[in-house]
>>> print(open('final.cif').read())   # mmCIF, C-alpha atoms
data_coords
#
loop_
_atom_site.label_atom_id
_atom_site.label_comp_id
_atom_site.auth_asym_id
_atom_site.auth_seq_id
_atom_site.Cartn_x
_atom_site.Cartn_y
_atom_site.Cartn_z
CA MET A 18 50.02 185.79 -10.18
CA SER A 19 47.01 183.61 -9.25
CA GLU A 20 47.52 183.42 -5.48
CA LEU A 21 48.18 186.33 -3.20
CA PRO A 22 51.75 186.13 -1.88
CA LYS A 23 52.39 186.00 1.84
CA TYR A 24 55.17 188.07 3.35
CA SER A 25 58.53 186.41 2.81
CA SER A 26 60.44 184.87 5.71
CA THR A 27 62.96 187.44 6.96
CA PRO A 28 66.48 186.19 7.75
CA HIS A 29 68.18 187.26 10.96
CA TRP A 30 71.19 189.51 11.17
CA PRO A 31 74.14 187.19 12.03
CA HIS A 32 74.27 188.51 15.62
CA SER A 33 70.56 188.71 16.29
CA LEU A 34 69.93 187.93 19.97
CA THR A 35 66.94 185.61 19.50
CA VAL A 36 66.85 183.02 16.70
CA HIS A 37 64.37 180.17 16.71
CA ARG A 38 64.88 176.70 15.35
CA ASP A 39 63.02 177.38 12.10
CA ASP A 40 64.69 180.78 11.52
CA THR A 41 67.55 181.50 9.14
CA TYR A 42 70.52 183.87 9.14
CA HIS A 43 71.33 186.35 6.42
CA ARG A 44 73.97 184.68 4.27
CA ASN A 45 75.86 187.78 3.17
CA ALA A 46 75.75 190.60 5.72
CA GLU A 47 78.33 192.55 3.68
CA PHE A 48 75.51 193.12 1.17
CA PHE A 49 74.26 196.03 3.31
CA VAL A 50 77.61 197.80 3.55
CA GLY A 51 77.97 200.81 1.27
CA LYS A 52 74.29 200.79 0.27
CA GLU A 53 71.59 203.17 1.43
CA VAL A 54 69.51 201.29 3.98
CA VAL A 55 66.58 202.07 6.23
CA ILE A 56 66.11 200.61 9.70
CA THR A 57 62.64 200.51 11.19
CA GLU A 58 61.36 199.39 14.55
CA LYS A 59 60.16 195.78 14.56
CA LEU A 60 56.83 195.99 16.33
CA ASP A 61 55.51 193.16 18.49
CA GLY A 62 52.28 192.40 16.68
CA GLY A 63 50.69 190.26 14.03
CA ASN A 64 51.88 190.19 10.42
CA THR A 65 48.75 191.41 8.63
CA SER A 66 48.21 192.23 4.98
CA LEU A 67 45.60 194.25 3.11
CA HIS A 68 44.38 193.74 -0.45
CA ASN A 69 41.23 194.87 -2.22
CA GLY A 70 39.29 195.60 0.95
CA GLU A 71 40.19 192.37 2.73
CA VAL A 72 42.42 191.41 5.67
CA TYR A 73 44.82 188.49 5.61
CA ALA A 74 47.01 186.93 8.28
CA ARG A 75 50.54 185.83 7.45
CA SER A 76 48.92 183.03 5.52
CA THR A 77 47.07 184.43 2.52
CA VAL A 78 45.16 181.27 1.65
CA GLY A 79 41.94 182.95 2.72
CA VAL A 80 40.54 186.10 4.24
CA SER A 81 41.03 186.26 8.01
CA HIS A 82 38.14 186.94 10.36
CA ALA A 83 40.11 186.48 13.59
CA GLY A 84 38.78 188.57 16.44
CA TRP A 85 42.10 190.26 17.11
CA MET A 86 41.99 191.77 13.62
CA GLY A 87 38.84 193.68 14.48
CA MET A 88 40.53 197.07 14.63
CA VAL A 89 42.30 196.76 11.28
CA ARG A 90 39.07 195.62 9.64
CA LYS A 91 37.10 198.46 11.24
CA HIS A 92 39.52 201.26 10.49
CA HIS A 93 41.66 200.31 7.50
CA ALA A 94 40.76 197.33 5.32
CA TRP A 95 37.84 199.06 3.60
CA LYS A 96 40.16 201.84 2.41
CA THR A 97 41.86 199.39 0.03
CA THR A 98 38.68 198.31 -1.77
CA GLY A 99 39.50 198.29 -5.47
CA MET A 100 43.23 198.13 -4.82
CA THR A 101 44.34 195.08 -6.81
CA ARG A 102 47.86 196.05 -7.86
CA TYR A 103 49.42 196.07 -4.39
CA MET A 104 49.68 193.80 -1.39
CA ILE A 105 50.23 195.95 1.68
CA TYR A 106 52.01 194.30 4.62
CA GLY A 107 51.99 195.69 8.12
CA GLU A 108 52.16 194.95 11.83
CA ASP A 109 48.89 195.01 13.75
CA ILE A 110 49.48 195.74 17.45
CA ALA A 111 45.84 195.80 18.55
CA ALA A 112 46.23 192.49 20.40
CA LEU A 113 48.74 191.88 23.19
CA HIS A 114 51.65 189.63 22.27
CA SER A 115 54.72 189.95 24.53
CA LEU A 116 55.07 193.72 24.79
CA PRO A 117 52.17 195.84 26.09
CA TYR A 118 51.41 198.84 23.91
CA SER A 119 49.12 201.79 24.51
CA VAL A 120 47.81 203.11 21.21
CA PRO A 121 44.66 204.65 19.66
CA GLU A 122 42.47 201.93 18.18
CA ASP A 123 42.66 203.49 14.72
CA GLN A 124 46.48 203.51 14.80
CA THR A 125 47.20 199.88 15.59
CA TYR A 126 48.18 199.03 12.00
CA HIS A 127 51.62 200.05 10.71
CA VAL A 128 52.82 199.35 7.17
CA PHE A 129 56.33 197.99 6.68
CA ALA A 130 56.33 196.79 3.06
CA VAL A 131 54.36 196.88 -0.18
CA ARG A 132 54.57 194.36 -3.01
CA ASP A 133 53.65 195.30 -6.57
CA LEU A 134 51.78 192.28 -7.90
CA HIS A 135 52.03 193.44 -11.51
CA THR A 136 55.84 193.53 -11.56
CA ASP A 137 56.46 191.12 -8.65
CA THR A 138 58.71 193.63 -6.93
CA TRP A 139 59.02 195.10 -3.45
CA LEU A 140 58.60 198.86 -3.54
CA ALA A 141 61.39 201.24 -2.53
CA TRP A 142 60.97 202.70 0.94
CA ASP A 143 59.93 206.09 -0.44
CA ASP A 144 57.20 204.41 -2.47
CA VAL A 145 56.05 202.38 0.55
CA GLN A 146 55.43 205.68 2.33
CA ILE A 147 53.59 207.10 -0.69
CA VAL A 148 51.25 204.11 -0.89
CA ALA A 149 50.64 204.21 2.86
CA GLN A 150 49.82 207.89 2.67
CA GLN A 151 47.50 207.29 -0.29
CA TYR A 152 45.42 204.91 1.84
CA ASN A 153 45.81 206.93 5.05
CA LEU A 154 47.84 204.23 6.80
CA SER A 155 50.61 204.65 9.37
CA VAL A 156 54.07 203.24 8.71
CA VAL A 157 56.39 201.57 11.20
CA PRO A 158 58.73 203.98 13.02
CA LEU A 159 61.74 204.89 10.87
CA LEU A 160 64.86 204.97 13.03
CA PHE A 161 67.74 205.26 10.55
CA ARG A 162 68.34 206.03 6.91
CA GLY A 163 71.84 206.21 5.51
CA VAL A 164 74.94 204.26 4.58
CA PHE A 165 77.12 202.09 6.81
CA GLN A 166 80.80 201.77 5.95
CA ASN A 167 81.42 198.39 7.58
CA LEU A 168 79.76 195.57 9.54
CA ASN A 169 80.97 196.88 12.89
CA GLU A 170 79.04 200.11 12.35
CA ILE A 171 75.86 198.15 11.74
CA GLN A 172 76.32 195.93 14.79
CA LYS A 173 77.13 198.92 16.99
CA TRP A 174 74.00 200.70 15.80
CA PHE A 175 71.83 197.68 16.64
CA THR A 176 73.26 197.12 20.12
CA THR A 177 73.25 200.82 21.03
CA ASN A 178 69.75 201.59 19.82
CA LEU A 179 68.23 198.45 21.32
CA LYS A 180 68.77 200.10 24.73
CA LEU A 181 66.48 202.98 23.77
CA PRO A 182 62.72 202.70 24.33
CA SER A 183 60.20 201.88 21.64
CA ALA A 184 58.31 204.65 19.89
CA PHE A 185 55.40 203.37 22.00
CA GLY A 186 57.20 203.71 25.32
CA VAL A 187 58.09 200.11 26.14
CA GLU A 188 61.26 198.25 25.24
CA LYS A 189 61.87 197.41 21.59
CA GLU A 190 61.30 193.99 20.08
CA GLY A 191 64.05 194.71 17.60
CA PHE A 192 64.72 196.13 14.15
CA VAL A 193 64.22 195.43 10.47
CA MET A 194 66.88 196.62 8.04
CA ARG A 195 66.30 196.79 4.30
CA THR A 196 67.83 198.47 1.28
CA ALA A 197 66.14 201.79 0.53
CA ASP A 198 65.71 200.92 -3.15
CA GLY A 199 63.11 198.55 -4.51
CA PHE A 200 64.02 195.01 -5.52
CA LEU A 201 62.65 191.90 -7.20
CA ALA A 202 60.58 189.55 -5.05
CA GLU A 203 63.11 186.77 -5.64
CA ASP A 204 65.84 188.93 -4.09
CA PHE A 205 64.02 189.50 -0.79
CA ALA A 206 66.43 187.42 1.33
CA ASN A 207 69.37 189.56 0.18
CA ASN A 208 67.74 192.92 0.80
CA VAL A 209 66.05 192.47 4.19
CA CYS A 210 67.10 191.20 7.63
CA LYS A 211 65.96 191.51 11.24
CA PHE A 212 67.59 191.89 14.64
CA VAL A 213 65.53 190.67 17.61
CA ARG A 214 66.12 191.29 21.32
CA ALA A 215 67.05 188.47 23.67
CA ARG A 216 64.29 186.45 25.36
CA HIS A 217 61.63 188.15 23.28
CA VAL A 218 58.95 185.52 23.97
CA THR A 219 58.68 184.92 27.73
CA THR A 220 55.70 182.56 27.91
CA ASP A 221 55.18 178.99 26.74
CA GLN A 222 51.62 179.64 25.59
CA HIS A 223 51.00 181.19 22.20
CA TRP A 224 49.51 184.68 22.38
CA THR A 225 46.37 183.61 20.50
CA LYS A 226 45.32 181.43 23.45
CA ASN A 227 43.10 183.57 25.65
CA TRP A 228 44.21 186.65 23.71
CA GLN A 229 43.40 190.15 24.90
CA TRP A 230 43.53 193.69 23.54
CA ASN A 231 46.41 196.01 24.20
CA ASP A 232 45.56 199.30 25.93
CA LEU A 233 43.49 200.85 23.15
CA THR A 234 42.28 204.39 23.51
CA ARG A 235 39.42 205.86 21.48
CA ASP A 236 40.21 206.36 17.82
CA SER A 237 42.01 209.65 17.23
CA ASN A 238 39.41 210.92 14.75
CA ALA A 239 36.48 210.52 17.11
#
>>> encode(input="final.cif", output="C-alpha cells")
Amino acid sequence: MSELPKYSSTPHWPHSLTVHRDDTYHRNAEFFVGKEVVITEKLDGGNTSLHNGEVYARSTVGVSHAGWMGMVRKHHAWKTTGMTRYMIYGEDIAALHSLPYSVPEDQTYHVFAVRDLHTDTWLAWDDVQIVAQQYNLSVVPLLFRGVFQNLNEIQKWFTTNLKLPSAFGVEKEGFVMRTADGFLAEDFANNVCKFVRARHVTTDQHWTKNWQWNDLTRDSNA
C-alpha cells in the first residue's frame, strides 16, 4: 500500500437525525442484527490519524501542521514513531466545534479505529483497545457491547441513550456502531454506521474559521 489510507466514509443508520447532502445511508441495517456489536460515543471533534510519529487530518495526502492539532502533536504523535504497520484513527477534541468540552490537554485524543496496513483489515474492537493501550492512548467512550435481536431494539437504544449526557458532560453528538470482530477494509460500509443528533451543526461558518480551544485543563501527568 503506497499511500496512507484515510478513514472511510461512514454511512448513517437509516433513522439518523442529521444527514447531509453528501452523506449516505447504510444499505442493509439487518446486517447488525444477531451479531456482536459495540456502540461508542461519536465525539464532536476532528478526525485525526497517527502513523509513524506523524499527525494527519482526514486527508492523508500530507502531514498536518494545523494549529488545532497542537495538543495531539505535543502529547501523542511522537509515541507512534517507528509504528509503520498500523494507521490509528481517532477524534481530537482539543478545538471547539459545535459542542464545548472540558478536558485535560493530554486527553483530547480518543482512538476509535485501527487499520492494519499489512493485511488491509480493520482490527477487532478488542485489538483496537490493545493497540491504544500499547501507545498509551485513550479510546472513545464505549457505551454498549452485545447482540440486538431486531432493528427495533437498535433504534430504541439509539433514541433512548441520545437523551443521556456525553461522557464529557454536555449533550451527545451521536453514536458509532460497528461489529465487534475485525473485517476487511473493503467491507467497511457493511460493518460500521453512525447515528447523529438533530441540528448538530448550528452555525453557518465552518469551525476552522476563527477556531478556538475547548476548555483545556493542565495535562493530567503534570
>>> residues_around(input="final.cif", residues="A:Arg132", least_positions_apart="4", cutoff="12 Å", atoms="all atoms listed in the file", output="number ranges by chain")
A: 21-25, 66-68, 101-107, 128, 136-142, 144-145, 148, 199-203, 205
>>> resolve_selection(input="final.cif", expression="the PyMOL selection byres ((chain A and resi 179) around 10)", output="PyMOL selection string")
chain A and resi 58+173-178+180-183+188-192+212-214
>>> atom_distance(input="final.cif", atom1="atom CA of A:Lys211", atom2="atom CA of A:Ser33")
7.4 Å
>>> resolve_selection(input="final.cif", expression="the PyMOL selection byres ((chain A and resi 163) around 9)", output="VMD selection string")
chain A and resid 52 to 55 161 to 162 164 to 165 197
>>> resolve_selection(input="final.cif", expression="the PyMOL selection byres ((chain A and resi 119) around 6)", output="compact mmCIF listing (two decimals) with C-alpha atoms, in the frame of the given file")
# COMPACT_ATOMS: atom_id res chain seq x y z
CA TYR A 118 51.41 198.84 23.91
CA VAL A 120 47.81 203.11 21.21
CA ASP A 232 45.56 199.30 25.93
CA LEU A 233 43.49 200.85 23.15
>>> residues_around(input="final.cif", residues="A:His43", least_positions_apart="3", cutoff="12 Å", atoms="only C-alpha atoms", output="list of chain:residue names")
A:Ser26, A:Thr27, A:Pro28, A:His29, A:Trp30, A:Pro31, A:His32, A:Ser33, A:Val36, A:Asp40, A:Ala46, A:Glu47, A:Phe48, A:Phe49, A:Met194, A:Arg195, A:Phe205, A:Ala206, A:Asn207, A:Asn208, A:Val209, A:Cys210, A:Lys211, A:Phe212
>>> closest_residue(input="final.cif", among="A:Ala112, A:Gly84, A:Asp123, A:Val131", to="A:Ile147", atoms="only C-alpha atoms")
A:Val131
>>> atom_distance(input="final.cif", atom1="atom CA of A:Ser115", atom2="atom CA of A:Met86")
16.9 Å
>>> closest_residue(input="final.cif", among="A:Leu154, A:Ala83, A:Leu160, A:Val187", to="A:Thr97", atoms="all atoms listed in the file")
A:Leu154
>>> atom_distance(input="final.cif", atom1="atom CA of A:Gly99", atom2="atom CA of A:Pro121")
26.4 Å
>>> closest_residue(input="final.cif", among="A:Leu34, A:Ile56, A:Ala94, A:Leu134", to="A:Val157", atoms="all atoms listed in the file")
A:Ile56
>>> residues_around(input="final.cif", residues="A:Tyr126", least_positions_apart="5", cutoff="7 Å", atoms="only C-alpha atoms", output="list in words")
Val89, Gly107, Glu108, Asp109, Ile110 and Ser155 of chain A
>>> closest_residue(input="final.cif", among="A:Asn169, A:Gln229, A:Pro158, A:Ala74", to="A:Lys59", atoms="all atoms listed in the file")
A:Pro158
>>> residues_around(input="final.cif", residues="A:Val156", least_positions_apart="5", cutoff="7 Å", atoms="only C-alpha atoms", output="MDAnalysis selection string")
chainID A and resid 127:129 146 149
>>> axis_aligned_box(input="final.cif", around="stretch 140-159 of chain A", padding_each_side="6 Å", output="lines of an AutoDock Vina configuration file")
center_x = 53.6
center_y = 203.4
center_z = 4.7
size_x = 28.3
size_y = 21.0
size_z = 28.6
